[in-house]
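The structure appears below as structure tokens.
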Amino acid sequence: MKTLKTAEVGDTVTVVKLHGEGAVKRRIMDMGITRGVEVKIRKAAPLGDPVEVTVRGYELSIRKADAELIEIE
């Protein structure tokens, strides 16, 4: 399973599935990350946390723990 955490800077990926439960999954969906949406990885912090992505035309920073719950292709 490939997750958003493993994607490289500059990649454009498509979300396949969101893992996690309850409030965590709802928070990710509220940020605009849903199944089928394209996500571009813009940059990563020097120590790798957080990751900055572009989703639906806006920039978003995601923690690695949350990025690991987002399955991509």
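The chains in the structure tokens are called A, B, ... from first to last as shown; in each chain the residues are counted from 1, and the ligands are counted from 1 in the order shown.
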Residues within 6 Å of Val9 (chain A), only C-alpha atoms, excluding chain neighbours under 5 positions, as a list in words: Ile41, Arg42 and Lys43 of chain A
Just N, CA and C atoms for this one: save the residues we selected as a tab-separated table (two decimals), in the first residue's frame.
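New file part-v2.tsv:
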```tsv
chain	number	residue	atom	x	y	z
A	41	ILE	N	2.48	17.08	-4.30
A	41	ILE	CA	3.39	17.27	-3.17
A	41	ILE	C	4.32	18.42	-3.54
A	42	ARG	N	4.22	19.54	-2.81
A	42	ARG	CA	4.99	20.74	-3.12
A	42	ARG	C	6.36	20.75	-2.45
A	43	LYS	N	6.39	20.50	-1.15
A	43	LYS	CA	7.67	20.48	-0.44
A	43	LYS	C	7.51	19.81	0.91
```
Where does region 2-51 of chain A meet region 55-64 of chain A within 7 Å, residue by residue, with the nearest atom pair and distance in Å to one decimal for each, counting only C-alpha atoms, listed by chain and rising number, as a Markdown table?
```
| residue | atom | partner | partner_atom | distance |
| --- | --- | --- | --- | --- |
| A:Lys5 | CA | A:Lys64 | CA | 5.9 |
| A:Gly32 | CA | A:Val55 | CA | 6.9 |
| A:Glu38 | CA | A:Val55 | CA | 6.7 |
| A:Val39 | CA | A:Val55 | CA | 5.2 |
| A:Lys40 | CA | A:Val55 | CA | 6.9 |
| A:Asp49 | CA | A:Lys64 | CA | 5.7 |
| A:Pro50 | CA | A:Arg63 | CA | 4.5 |
| A:Val51 | CA | A:Ile62 | CA | 5.3 |
```
As a list of chain:residue names, please: every residue in chain A that a backbone DSSP assignment puts in alpha helix (DSSP H).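 So the alpha helix (DSSP H) residues in chain A would be A:Gly22, A:Ala23, A:Val24, A:Lys25, A:Arg26, A:Arg27, A:Ile28, A:Met29, A:Asp30, A:Lys64, A:Ala65, A:Asp66, A:Ala67.
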Please write the residues from the selection above to a file, keeping all heavy atoms, as a CSV table (one decimal), in the first residue's frame.
```csv
chain,number,residue,atom,x,y,z
A,22,GLY,N,-13.4,7.9,12.7
A,22,GLY,CA,-14.0,9.0,13.5
A,22,GLY,C,-13.5,10.4,13.1
A,22,GLY,O,-13.4,10.8,12.0
A,23,ALA,N,-13.0,11.1,14.2
A,23,ALA,CA,-12.7,12.5,14.0
A,23,ALA,C,-11.5,12.7,13.1
A,23,ALA,O,-11.4,13.7,12.4
A,23,ALA,CB,-12.4,13.1,15.4
A,24,VAL,N,-10.5,11.8,13.2
A,24,VAL,CA,-9.3,11.9,12.3
A,24,VAL,C,-9.7,11.9,10.8
A,24,VAL,O,-9.3,12.7,10.0
A,24,VAL,CB,-8.3,10.8,12.6
A,24,VAL,CG1,-7.1,10.9,11.7
A,24,VAL,CG2,-7.8,10.9,14.1
A,25,LYS,N,-10.5,10.9,10.5
A,25,LYS,CA,-10.9,10.8,9.1
A,25,LYS,C,-11.8,12.0,8.7
A,25,LYS,O,-11.6,12.5,7.6
A,25,LYS,CB,-11.7,9.5,8.9
A,25,LYS,CG,-12.1,9.2,7.5
A,25,LYS,CD,-12.7,7.8,7.4
A,25,LYS,CE,-13.1,7.5,5.9
A,25,LYS,NZ,-13.7,6.1,5.8
A,26,ARG,N,-12.7,12.4,9.5
A,26,ARG,CA,-13.5,13.6,9.2
A,26,ARG,C,-12.7,14.8,9.0
A,26,ARG,O,-12.9,15.6,8.1
A,26,ARG,CB,-14.5,13.8,10.4
A,26,ARG,CG,-15.3,15.1,10.4
A,26,ARG,CD,-16.1,15.3,9.1
A,26,ARG,NE,-16.9,14.3,8.7
A,26,ARG,CZ,-17.4,14.2,7.4
A,26,ARG,NH1,-17.2,15.2,6.6
A,26,ARG,NH2,-18.2,13.2,7.0
A,27,ARG,N,-11.6,15.0,9.8
A,27,ARG,CA,-10.8,16.2,9.7
A,27,ARG,C,-10.0,16.2,8.4
A,27,ARG,O,-9.9,17.2,7.7
A,27,ARG,CB,-9.7,16.2,10.9
A,27,ARG,CG,-8.9,17.5,10.9
A,27,ARG,CD,-8.1,17.6,12.2
A,27,ARG,NE,-7.5,16.4,12.7
A,27,ARG,CZ,-6.3,16.0,12.3
A,27,ARG,NH1,-5.6,16.7,11.4
A,27,ARG,NH2,-5.8,14.9,12.8
A,28,ILE,N,-9.5,15.0,7.9
A,28,ILE,CA,-8.9,14.9,6.7
A,28,ILE,C,-9.8,15.2,5.5
A,28,ILE,O,-9.5,16.0,4.6
A,28,ILE,CB,-8.3,13.5,6.5
A,28,ILE,CG1,-7.1,13.3,7.5
A,28,ILE,CG2,-7.8,13.3,5.1
A,28,ILE,CD1,-6.6,11.9,7.6
A,29,MET,N,-11.1,14.7,5.6
A,29,MET,CA,-12.1,15.0,4.6
A,29,MET,C,-12.5,16.5,4.6
A,29,MET,O,-12.7,17.0,3.5
A,29,MET,CB,-13.3,14.1,4.8
A,29,MET,CG,-13.0,12.6,4.5
A,29,MET,SD,-14.4,11.6,4.9
A,29,MET,CE,-15.5,12.0,3.6
A,30,ASP,N,-12.5,17.1,5.7
A,30,ASP,CA,-12.9,18.5,5.8
A,30,ASP,C,-11.8,19.4,5.2
A,30,ASP,O,-12.1,20.5,4.7
A,30,ASP,CB,-13.1,18.9,7.3
A,30,ASP,CG,-14.4,18.4,7.8
A,30,ASP,OD1,-15.3,18.0,7.0
A,30,ASP,OD2,-14.5,18.4,9.1
A,64,LYS,N,3.0,14.0,9.0
A,64,LYS,CA,3.3,12.7,8.5
A,64,LYS,C,2.3,11.7,9.0
A,64,LYS,O,2.0,10.7,8.3
A,64,LYS,CB,4.7,12.3,8.9
A,64,LYS,CG,5.8,13.1,8.1
A,64,LYS,CD,5.9,12.4,6.7
A,64,LYS,CE,7.1,13.1,6.0
A,64,LYS,NZ,7.5,12.4,4.8
A,65,ALA,N,1.9,11.8,10.3
A,65,ALA,CA,1.0,10.8,10.9
A,65,ALA,C,-0.3,10.8,10.1
A,65,ALA,O,-0.9,9.7,9.9
A,65,ALA,CB,0.8,11.1,12.3
A,66,ASP,N,-0.8,12.0,9.7
A,66,ASP,CA,-2.0,12.0,8.9
A,66,ASP,C,-1.8,11.6,7.5
A,66,ASP,O,-2.6,10.9,6.9
A,66,ASP,CB,-2.6,13.5,8.9
A,66,ASP,CG,-3.1,13.9,10.3
A,66,ASP,OD1,-3.4,13.0,11.1
A,66,ASP,OD2,-3.2,15.1,10.5
A,67,ALA,N,-0.6,11.9,6.9
A,67,ALA,CA,-0.3,11.5,5.5
A,67,ALA,C,-0.2,10.0,5.4
A,67,ALA,O,-0.5,9.4,4.3
A,67,ALA,CB,1.0,12.1,5.1
```
So which one's closest to Ala44 (chain A), A:Ala7, A:Val13, A:Ile72, A:Met1? Using only C-alpha atoms, please.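 So, comparing all the options, the nearest one is A:Ala7.
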Hey, what's within 12 Å of Lys2 (chain A) if we count only C-alpha atoms and toss same-chain stuff fewer than 3 positions away? As JSON, numbers by chain, please? {"A": [5, 6, 7, 8, 13, 14, 15, 16, 17, 18, 67, 68, 69, 70, 71, 72, 73]}
Go ahead and write the selection's residues with C-alpha atoms as a PDB file, in the first residue's frame.
```
ATOM      1  CA  LYS A   5       3.810   9.814   3.395  1.00  0.00           C
ATOM      2  CA  THR A   6       5.912   7.835   0.881  1.00  0.00           C
ATOM      3  CA  ALA A   7       5.301  10.183  -2.094  1.00  0.00           C
ATOM      4  CA  GLU A   8       8.228  12.292  -3.323  1.00  0.00           C
ATOM      5  CA  VAL A  13      -0.960  11.495  -6.999  1.00  0.00           C
ATOM      6  CA  THR A  14      -4.601  10.449  -6.744  1.00  0.00           C
ATOM      7  CA  VAL A  15      -6.237   9.543  -3.434  1.00  0.00           C
ATOM      8  CA  VAL A  16      -7.586   5.973  -3.448  1.00  0.00           C
ATOM      9  CA  LYS A  17      -8.786   5.538   0.130  1.00  0.00           C
ATOM     10  CA  LEU A  18      -8.745   7.214   3.531  1.00  0.00           C
ATOM     11  CA  ALA A  67      -0.306  11.510   5.541  1.00  0.00           C
ATOM     12  CA  GLU A  68       0.198   7.857   6.452  1.00  0.00           C
ATOM     13  CA  LEU A  69      -3.588   7.398   6.598  1.00  0.00           C
ATOM     14  CA  ILE A  70      -4.069   8.540   2.977  1.00  0.00           C
ATOM     15  CA  GLU A  71      -3.683   5.721   0.430  1.00  0.00           C
ATOM     16  CA  ILE A  72      -2.633   6.892  -3.055  1.00  0.00           C
ATOM     17  CA  GLU A  73      -1.911   5.550  -6.513  1.00  0.00           C
TER      18      GLU A  73
END
```
Region 6-69 of chain A: residues DSSP assigns to strand (DSSP E), reported as a PyMOL selection string: chain A and resi 12-18+38-44+51-55+58-62
